[in-house]
file start.txt (compact mmCIF, C-alpha atoms (C1' of nucleotides))
# COMPACT_ATOMS: atom_id res chain seq x y z
CA MET A 1 0.00 0.00 0.00
CA PRO A 2 0.67 3.24 0.30
CA GLU A 3 2.79 3.22 3.40
CA MET A 4 2.36 5.68 6.24
CA LEU A 5 3.83 8.64 4.34
CA GLU A 6 1.29 8.24 1.55
CA VAL A 7 -1.54 7.73 4.00
CA GLU A 8 -0.47 10.89 5.79
CA THR A 9 -0.76 12.67 2.46
CA TYR A 10 -4.23 11.20 2.09
CA ARG A 11 -5.10 12.34 5.59
CA ARG A 12 -4.16 15.92 4.80
CA LEU A 13 -6.12 15.69 1.59
CA ALA A 14 -9.11 14.35 3.51
CA GLU A 15 -9.14 17.46 5.66
CA ALA A 16 -10.62 19.21 2.65
CA ALA A 17 -13.58 16.85 3.04
CA LEU A 18 -14.37 17.80 6.64
CA HIS A 19 -17.56 19.58 7.70
CA ARG A 20 -19.35 18.92 4.45
CA THR A 21 -22.70 17.16 4.49
CA ILE A 22 -22.71 13.75 2.87
CA VAL A 23 -25.70 13.35 0.59
CA GLU A 24 -24.62 10.33 -1.41
CA VAL A 25 -22.80 7.07 -0.71
CA ASP A 26 -21.32 4.83 -3.37
CA ALA A 27 -20.41 1.35 -2.15
CA PRO A 28 -20.51 -0.73 -5.32
CA ASP A 29 -18.19 -3.49 -4.14
CA PRO A 30 -19.30 -5.71 -1.23
CA TRP A 31 -15.81 -7.22 -1.08
CA PHE A 32 -14.41 -3.80 -0.21
CA LEU A 33 -16.60 -3.48 2.88
CA LYS A 34 -14.91 -5.08 5.88
CA GLY A 35 -15.85 -6.00 9.41
CA GLY A 36 -19.19 -7.42 8.37
CA ALA A 37 -20.44 -4.13 7.00
CA THR A 38 -22.93 -4.06 4.16
CA ALA A 39 -23.73 -1.23 1.80
CA ASP A 40 -26.97 -0.61 3.70
CA VAL A 41 -25.21 -0.38 7.04
CA VAL A 42 -22.57 1.99 5.70
CA VAL A 43 -25.15 4.16 4.00
CA GLY A 44 -27.13 4.34 7.22
CA ALA A 45 -24.07 5.33 9.20
CA VAL A 46 -22.75 7.93 6.80
CA LEU A 47 -25.63 9.54 4.95
CA GLY A 48 -26.58 12.99 6.18
CA ARG A 49 -23.56 13.25 8.46
CA ARG A 50 -20.30 15.10 8.17
CA PHE A 51 -16.70 14.11 8.76
CA VAL A 52 -15.26 16.19 11.58
CA GLU A 53 -11.76 14.77 11.98
CA ALA A 54 -9.23 13.10 9.69
CA ARG A 55 -6.79 10.97 11.66
CA ARG A 56 -4.18 8.36 10.83
CA ARG A 57 -2.69 5.46 12.70
CA GLY A 58 -0.04 3.63 10.76
CA LYS A 59 -1.52 2.96 7.36
CA LEU A 60 -5.10 3.26 8.53
CA LEU A 61 -6.99 6.44 7.68
CA LEU A 62 -9.69 7.33 10.18
CA LEU A 63 -12.54 9.68 9.39
CA ASP A 64 -14.72 10.54 12.37
CA LEU A 65 -18.36 11.27 11.70
CA ALA A 66 -20.21 13.83 13.78
CA ASP A 67 -22.66 12.00 16.04
CA GLY A 68 -21.72 8.79 14.32
CA PRO A 69 -19.12 6.09 13.99
CA THR A 70 -15.60 6.33 12.64
CA LEU A 71 -14.96 5.31 9.08
CA GLY A 72 -11.69 3.43 8.60
CA ILE A 73 -10.06 3.20 5.19
CA ARG A 74 -7.21 0.86 4.26
CA PHE A 75 -5.58 1.29 0.89
CA GLY A 76 -3.97 -2.07 0.26
CA MET A 77 -1.14 -1.78 -2.23
CA THR A 78 -2.82 0.24 -4.91
CA GLY A 79 -5.45 2.33 -3.17
CA VAL A 80 -5.64 6.03 -3.94
CA LEU A 81 -7.73 8.70 -2.25
CA GLU A 82 -9.27 11.51 -4.21
CA VAL A 83 -11.12 14.53 -2.92
CA ASP A 84 -13.03 16.61 -5.41
CA GLY A 85 -11.29 14.84 -8.24
CA ALA A 86 -7.73 15.47 -7.08
CA PRO A 87 -5.66 12.36 -6.34
CA GLY A 88 -3.60 12.34 -3.17
CA GLU A 89 -0.61 10.56 -4.56
CA GLU A 90 0.82 8.85 -7.59
CA LEU A 91 1.84 5.40 -6.48
CA VAL A 92 4.89 3.78 -8.00
CA TYR A 93 3.35 0.38 -8.45
CA SER A 94 -0.06 1.64 -9.27
CA SER A 95 -1.35 2.47 -12.65
CA ARG A 96 -1.82 6.09 -13.65
CA ARG A 97 -5.00 5.10 -15.34
CA ARG A 98 -8.18 6.19 -13.71
CA ASP A 99 -10.56 3.47 -14.66
CA PRO A 100 -14.04 4.26 -13.29
CA ALA A 101 -14.39 0.56 -12.47
CA TRP A 102 -11.66 0.97 -9.85
CA VAL A 103 -13.79 3.19 -7.66
CA ARG A 104 -14.53 0.93 -4.70
CA PHE A 105 -16.05 3.48 -2.38
CA GLY A 106 -17.09 7.09 -2.37
CA VAL A 107 -19.23 9.70 -0.71
CA GLY A 108 -20.73 12.77 -2.34
CA PHE A 109 -21.17 16.09 -0.58
CA SER A 110 -24.05 18.53 -0.78
CA ASP A 111 -21.80 21.06 -2.52
CA GLY A 112 -21.20 18.65 -5.38
CA GLY A 113 -17.72 17.45 -4.40
CA ALA A 114 -16.77 13.93 -3.47
CA LEU A 115 -14.31 11.75 -1.58
CA VAL A 116 -13.42 8.64 -3.56
CA VAL A 117 -11.28 5.55 -2.99
CA ARG A 118 -9.84 3.92 -6.09
CA ASP A 119 -8.16 0.56 -5.76
CA ALA A 120 -7.37 -1.54 -8.81
CA ARG A 121 -6.38 -4.63 -6.84
CA ARG A 122 -9.11 -4.43 -4.23
CA LEU A 123 -6.69 -5.23 -1.43
CA GLY A 124 -7.84 -2.26 0.60
CA GLY A 125 -11.16 -1.82 2.32
CA VAL A 126 -13.58 0.32 4.25
CA GLU A 127 -14.77 -0.49 7.76
CA LEU A 128 -16.95 1.09 10.40
CA GLU A 129 -15.39 1.46 13.83
CA PRO A 130 -12.09 -0.25 13.04
CA ASP A 131 -10.11 -1.58 15.96
CA GLU A 132 -7.53 1.17 16.22
CA GLU A 133 -6.03 -0.13 19.42
CA ARG A 134 -4.97 -3.35 17.79
CA LEU A 135 -2.37 -1.37 15.94
CA GLY A 136 0.91 -0.59 17.64
CA VAL A 137 2.32 2.87 18.22
CA ASP A 138 2.60 4.94 15.07
CA ALA A 139 6.12 4.77 13.64
CA ALA A 140 6.29 8.56 13.45
CA ALA A 141 5.79 8.79 17.20
CA VAL A 142 7.76 5.83 18.53
CA SER A 143 10.32 6.59 21.21
CA ARG A 144 13.70 4.93 21.37
CA ARG A 145 12.55 3.09 24.46
CA GLN A 146 9.40 1.86 22.74
CA LEU A 147 11.43 0.73 19.75
CA SER A 148 13.80 -1.13 22.00
CA ASP A 149 10.93 -2.78 23.85
CA LEU A 150 9.30 -4.05 20.70
CA LEU A 151 12.51 -5.67 19.51
CA VAL A 152 13.72 -7.25 22.72
CA GLY A 153 13.40 -10.99 23.08
CA SER A 154 12.29 -11.55 19.50
CA ARG A 155 14.03 -13.96 17.21
CA ALA A 156 11.97 -12.90 14.21
CA PRO A 157 13.94 -11.20 11.44
CA LEU A 158 14.36 -7.53 12.29
CA LYS A 159 12.56 -6.45 9.16
CA ALA A 160 9.53 -8.62 9.92
CA ARG A 161 9.34 -7.20 13.42
CA LEU A 162 9.53 -3.62 12.17
CA MET A 163 6.68 -4.29 9.78
CA ASP A 164 4.50 -6.00 12.39
CA GLN A 165 1.63 -3.51 12.44
CA ASP A 166 0.35 -4.77 15.77
CA ARG A 167 3.59 -3.66 17.45
CA MET A 168 4.45 -0.59 15.42
CA ALA A 169 2.17 0.76 12.75
CA GLY A 170 3.16 2.43 9.53
CA LEU A 171 6.26 0.89 8.00
CA GLY A 172 5.87 -1.04 4.77
CA ASN A 173 8.30 -2.82 2.54
CA LEU A 174 9.98 0.15 0.91
CA LEU A 175 10.36 2.28 4.01
CA THR A 176 11.78 -0.64 5.95
CA ASP A 177 14.35 -1.50 3.31
CA GLU A 178 15.38 2.15 3.11
CA LEU A 179 15.58 2.48 6.88
CA LEU A 180 17.75 -0.60 7.37
CA TRP A 181 19.96 0.36 4.46
CA ARG A 182 20.51 3.78 6.01
CA ALA A 183 21.06 2.31 9.46
CA GLY A 184 23.50 -0.25 8.11
CA ILE A 185 21.76 -3.21 9.70
CA ASP A 186 21.02 -6.57 8.09
CA PRO A 187 17.22 -7.03 7.79
CA ALA A 188 17.59 -10.76 8.50
CA ARG A 189 19.19 -10.27 11.91
CA PRO A 190 17.07 -11.59 14.78
CA ALA A 191 15.31 -8.52 16.15
CA GLY A 192 16.27 -9.20 19.72
CA GLU A 193 19.98 -9.43 19.01
CA LEU A 194 20.57 -5.78 18.30
CA SER A 195 22.95 -4.04 20.66
CA PRO A 196 21.82 -0.88 22.47
CA THR A 197 24.06 1.06 20.12
CA GLU A 198 22.36 -0.46 17.11
CA VAL A 199 18.90 0.23 18.51
CA ARG A 200 19.92 3.84 19.00
CA ARG A 201 21.17 4.00 15.44
CA LEU A 202 18.00 2.37 14.18
CA HIS A 203 15.81 4.86 15.99
CA ALA A 204 17.80 7.86 14.79
CA ASN A 205 17.53 6.59 11.23
CA LEU A 206 13.83 5.91 11.57
CA VAL A 207 13.20 9.50 12.57
CA ARG A 208 15.44 10.78 9.82
CA THR A 209 14.13 8.47 7.11
CA LEU A 210 10.54 9.45 7.77
CA ALA A 211 11.46 13.12 7.80
CA VAL A 212 13.54 13.04 4.63
CA LEU A 213 11.26 10.82 2.57
CA GLY A 214 8.22 12.69 3.85
CA GLU A 215 9.82 15.89 2.66
CA ARG A 216 10.68 14.38 -0.72
CA GLY A 217 7.17 13.13 -1.19
CA GLY A 218 6.82 9.48 -0.26
CA SER A 219 8.05 6.00 0.47
CA HIS A 220 9.40 5.55 -3.02
CA THR A 221 11.78 8.53 -2.82
CA GLY A 222 14.47 6.78 -0.81
CA ASP A 223 18.11 6.65 -1.85
CA LEU A 224 17.91 2.88 -2.20
CA GLN A 225 14.81 2.92 -4.36
CA ALA A 226 16.45 3.22 -7.79
CA SER A 227 18.64 0.21 -7.01
CA ARG A 228 15.80 -1.99 -5.80
CA GLU A 229 15.93 -4.30 -8.80
CA ARG A 230 17.71 -7.48 -9.73
CA GLY A 231 21.42 -6.81 -10.06
CA GLY A 232 21.07 -3.39 -8.45
CA ARG A 233 24.12 -1.96 -6.70
CA CYS A 234 24.43 -0.27 -3.35
CA PRO A 235 24.45 3.52 -3.80
CA LYS A 236 26.83 3.76 -0.86
CA ASP A 237 29.57 1.30 -1.73
CA GLY A 238 28.73 -0.20 -5.10
CA ALA A 239 28.31 -3.77 -3.90
CA GLU A 240 25.68 -5.84 -5.66
CA LEU A 241 22.61 -5.85 -3.48
CA LEU A 242 21.20 -9.01 -1.97
CA ARG A 243 17.68 -9.87 -3.04
CA ARG A 244 15.91 -12.08 -0.54
CA THR A 245 12.47 -12.81 0.83
CA ILE A 246 12.28 -11.69 4.45
CA GLY A 247 9.09 -11.47 6.39
CA GLY A 248 7.36 -12.64 3.25
CA ARG A 249 8.44 -9.59 1.31
CA THR A 250 11.04 -9.01 -1.37
CA THR A 251 13.98 -7.45 0.41
CA TYR A 252 17.00 -5.63 -0.94
CA SER A 253 20.03 -5.05 1.25
CA CYS A 254 23.74 -4.41 0.96
CA PRO A 255 25.98 -7.33 1.94
CA LEU A 256 28.86 -4.98 2.64
CA HIS A 257 27.60 -2.27 4.94
CA GLN A 258 24.44 -3.82 6.39
CA ARG A 259 25.67 -6.15 9.10
C1' DA B 1 2.48 -16.72 21.87
C1' DT B 2 5.45 -16.33 18.09
C1' DT B 3 6.77 -17.02 13.57
C1' DG B 4 6.22 -18.60 8.84
C1' DT B 5 3.33 -19.57 4.74
C1' DG B 6 -0.14 -19.18 1.50
C1' DG B 7 -3.84 -16.80 -0.39
C1' DC B 8 -6.57 -12.94 -1.56
C1' DC B 9 -7.39 -9.78 -6.26
C1' DT B 10 -6.04 -7.44 -10.32
C1' DG B 11 -2.92 -4.99 -13.52
C1' DC B 12 1.35 -4.54 -15.80
C1' DC B 13 5.68 -5.77 -17.83
C1' DC B 14 8.80 -8.88 -19.80
C1' DG B 15 10.12 -12.50 -22.85
C1' DC B 16 8.88 -15.80 -26.28
C1' DT C 1 -0.07 -9.05 -31.65
C1' DG C 2 -0.91 -12.67 -28.23
C1' DC C 3 0.06 -15.27 -24.26
C1' DG C 4 2.07 -17.05 -20.03
C1' DG C 5 4.81 -16.15 -16.04
C1' DG C 6 6.36 -13.34 -12.59
C1' DC C 7 5.91 -9.54 -9.98
C1' DA C 8 3.71 -5.84 -7.09
C1' DG C 9 4.51 -0.33 -1.38
C1' DG C 10 -0.74 -5.05 2.38
C1' DC C 11 -3.21 -7.89 5.25
C1' DC C 12 -5.54 -12.00 7.04
C1' DA C 13 -6.33 -16.81 8.27
C1' DC C 14 -4.09 -20.67 9.36
C1' DA C 15 -0.36 -24.07 10.58
C1' DA C 16 3.66 -25.48 13.09
call {"tool": "encode", "arguments": {"input": "start.txt", "output": "structure tokens"}}
result
Amino acid sequence: MPEMLEVETYRRLAEAALHRTIVEVDAPDPWFLKGGATADVVVGAVLGRRFVEARRRGKLLLLDLADGPTLGIRFGMTGVLEVDGAPGEELVYSSRRRDPAWVRFGVGFSDGGALVVRDARRLGGVELEPDEERLGVDAAAVSRRQLSDLLVGSRAPLKARLMDQDRMAGLGNLLTDELLWRAGIDPARPAGELSPTEVRRLHANLVRTLAVLGERGGSHTGDLQASRERGGRCPKDGAELLRRTIGGRTTYSCPLHQR
DNA sequence: ATTGTGGCCTGCCCGC
DNA sequence: TGCGGGCAGGCCACAA
């Protein structure tokens, strides 16, 4: 999906949709409704109300309805948010096409505008009252101590642990590869085996990576990104990058400086 | 409980 | 041009 940086962009975009009365709900795809919701239930919850707050936790966008439930939106890998026809982000792995069939959910406002979710692959979804607390602390707000605590005692690969949304929410495949490449730590290392020095380095690089890539415009703007392909070379030292599957995801790392 | 695997669903790109 | 295979920034259910 869009990782947390993209969802944060969506969140800011969604602020333009606040305080506008919803007069129309488009939920054409039952598959896209999660948590047992049906089109009727969503219509009943949303119609006639207004969004009053746009929040984010990890990759989950939360839109609070006045005197109503919270609408949660997940974007899967290819979901895009649009408000009044303007897309929030161009996703690297998502088509630039705007096929009307890809609209999986939308609400129309009394002033004629609309908030729309497009998702070609249908891996995202919309849910009423999502369980926010199941998600771990947002990666943009994690303290060094919290980071240390969520790694300690784990023998899962570091990368898998960092992407475990129940422990820390927000990091996806690209951000995690970039982060570990910057921090100079092997993604396959057991999470609990990092030294205090390495945890400190990891945290500093997390803060910096989110800041820099956020500034540049998204998860795909990392220094490693251009080399994330078969045969790609490390931008730091020129070594051929390792391509492995870690935590179920394609992982690129430098065999020289990531130890 | 933790960790690993497969599957979901669809579009695109590459090579033949 | 057509077709099959592989791949994709996420998440969930399930198995060991």
call {"tool": "interface_residues", "arguments": {"input": "start.txt", "of": "chain A", "to": "chain B", "cutoff": "9 Å", "atoms": "only C-alpha atoms (C1' of nucleotides)", "output": "ChimeraX atom specification"}}
result
/A:94-95,120-123,154-156,247-248
call {"tool": "write_last_selection", "arguments": {"input": "start.txt", "atoms": "C-alpha atoms", "output": "PDB file, in the coordinates of the input"}}
result
ATOM      1  CA  SER A  94      -0.060   1.640  -9.270  1.00  0.00           C
ATOM      2  CA  SER A  95      -1.350   2.470 -12.650  1.00  0.00           C
ATOM      3  CA  ALA A 120      -7.370  -1.540  -8.810  1.00  0.00           C
ATOM      4  CA  ARG A 121      -6.380  -4.630  -6.840  1.00  0.00           C
ATOM      5  CA  ARG A 122      -9.110  -4.430  -4.230  1.00  0.00           C
ATOM      6  CA  LEU A 123      -6.690  -5.230  -1.430  1.00  0.00           C
ATOM      7  CA  SER A 154      12.290 -11.550  19.500  1.00  0.00           C
ATOM      8  CA  ARG A 155      14.030 -13.960  17.210  1.00  0.00           C
ATOM      9  CA  ALA A 156      11.970 -12.900  14.210  1.00  0.00           C
ATOM     10  CA  GLY A 247       9.090 -11.470   6.390  1.00  0.00           C
ATOM     11  CA  GLY A 248       7.360 -12.640   3.250  1.00  0.00           C
TER      12      GLY A 248
END
call {"tool": "atom_distance", "arguments": {"input": "start.txt", "atom1": "CA of Leu81 in chain A", "atom2": "CA of Leu13 in chain A"}}
result
8.1 Å
call {"tool": "closest_residue", "arguments": {"input": "start.txt", "among": "A:Val52, A:Ala140, A:Leu174, A:Leu135", "to": "chain C", "atoms": "all atoms listed in the file"}}
result
A:Leu174
call {"tool": "residues_around", "arguments": {"input": "start.txt", "residues": "Asp40 in chain A", "least_positions_apart": "6", "cutoff": "12 Å", "atoms": "all atoms listed in the file", "output": "PyMOL selection string"}}
result
chain A and resi 25-28+30+33+46-47
call {"tool": "write_last_selection", "arguments": {"input": "start.txt", "atoms": "C-alpha atoms", "output": "short mmCIF file (atom, residue, chain, number, x, y, z; two decimals), in the coordinates of the input"}}
result
data_model
loop_
_atom_site.label_atom_id
_atom_site.label_comp_id
_atom_site.auth_asym_id
_atom_site.auth_seq_id
_atom_site.Cartn_x
_atom_site.Cartn_y
_atom_site.Cartn_z
CA VAL A 25 -22.80 7.07 -0.71
CA ASP A 26 -21.32 4.83 -3.37
CA ALA A 27 -20.41 1.35 -2.15
CA PRO A 28 -20.51 -0.73 -5.32
CA PRO A 30 -19.30 -5.71 -1.23
CA LEU A 33 -16.60 -3.48 2.88
CA VAL A 46 -22.75 7.93 6.80
CA LEU A 47 -25.63 9.54 4.95
#
call {"tool": "atom_distance", "arguments": {"input": "start.txt", "atom1": "CA of Gly153 in chain A", "atom2": "CA of Gly192 in chain A"}}
result
4.8 Å
call {"tool": "interface_residues", "arguments": {"input": "start.txt", "of": "chain C", "to": "chain A", "cutoff": "8 Å", "atoms": "all atoms listed in the file", "output": "PyMOL selection string"}}
result
chain C and resi 8-11
call {"tool": "residues_around", "arguments": {"input": "start.txt", "residues": "Val23 in chain A", "least_positions_apart": "6", "cutoff": "9 Å", "atoms": "all atoms listed in the file", "output": "VMD selection string"}}
result
chain A and resid 46 to 49 107 to 110
call {"tool": "write_last_selection", "arguments": {"input": "start.txt", "atoms": "C-alpha atoms", "output": "PDB file, keeping the file's coordinate frame"}}
result
ATOM      1  CA  VAL A  46     -22.750   7.930   6.800  1.00  0.00           C
ATOM      2  CA  LEU A  47     -25.630   9.540   4.950  1.00  0.00           C
ATOM      3  CA  GLY A  48     -26.580  12.990   6.180  1.00  0.00           C
ATOM      4  CA  ARG A  49     -23.560  13.250   8.460  1.00  0.00           C
ATOM      5  CA  VAL A 107     -19.230   9.700  -0.710  1.00  0.00           C
ATOM      6  CA  GLY A 108     -20.730  12.770  -2.340  1.00  0.00           C
ATOM      7  CA  PHE A 109     -21.170  16.090  -0.580  1.00  0.00           C
ATOM      8  CA  SER A 110     -24.050  18.530  -0.780  1.00  0.00           C
TER       9      SER A 110
END
call {"tool": "closest_residue", "arguments": {"input": "start.txt", "among": "A:Ala211, A:Ala204, A:Ile73, A:Leu180", "to": "Glu132 in chain A", "atoms": "only C-alpha atoms"}}
result
A:Ile73
call {"tool": "residues_around", "arguments": {"input": "start.txt", "residues": "Val207 in chain A", "least_positions_apart": "2", "cutoff": "10 Å", "atoms": "only C-alpha atoms (C1' of nucleotides)", "output": "PDB file with C-alpha atoms, keeping the file's coordinate frame"}}
result
ATOM      1  CA  ALA A 139       6.120   4.770  13.640  1.00  0.00           C
ATOM      2  CA  ALA A 140       6.290   8.560  13.450  1.00  0.00           C
ATOM      3  CA  ALA A 141       5.790   8.790  17.200  1.00  0.00           C
ATOM      4  CA  VAL A 142       7.760   5.830  18.530  1.00  0.00           C
ATOM      5  CA  SER A 143      10.320   6.590  21.210  1.00  0.00           C
ATOM      6  CA  ARG A 144      13.700   4.930  21.370  1.00  0.00           C
ATOM      7  CA  LEU A 179      15.580   2.480   6.880  1.00  0.00           C
ATOM      8  CA  LEU A 202      18.000   2.370  14.180  1.00  0.00           C
ATOM      9  CA  HIS A 203      15.810   4.860  15.990  1.00  0.00           C
ATOM     10  CA  ALA A 204      17.800   7.860  14.790  1.00  0.00           C
ATOM     11  CA  ASN A 205      17.530   6.590  11.230  1.00  0.00           C
ATOM     12  CA  THR A 209      14.130   8.470   7.110  1.00  0.00           C
ATOM     13  CA  LEU A 210      10.540   9.450   7.770  1.00  0.00           C
ATOM     14  CA  ALA A 211      11.460  13.120   7.800  1.00  0.00           C
ATOM     15  CA  VAL A 212      13.540  13.040   4.630  1.00  0.00           C
TER      16      VAL A 212
END
call {"tool": "atom_distance", "arguments": {"input": "start.txt", "atom1": "CA of Glu8 in chain A", "atom2": "CA of Cys234 in chain A"}}
result
28.8 Å
call {"tool": "axis_aligned_box", "arguments": {"input": "start.txt", "around": "range 1-15 of chain C", "padding_each_side": "8 Å", "output": "lines of an AutoDock Vina configuration file"}}
result
center_x = 0.0
center_y = -12.2
center_z = -10.5
size_x = 28.7
size_y = 39.7
size_z = 58.2
call {"tool": "closest_residue", "arguments": {"input": "start.txt", "among": "A:Arg216, A:Lys159, A:Arg97, A:Arg230", "to": "Ala188 in chain A", "atoms": "only C-alpha atoms"}}
result
A:Lys159
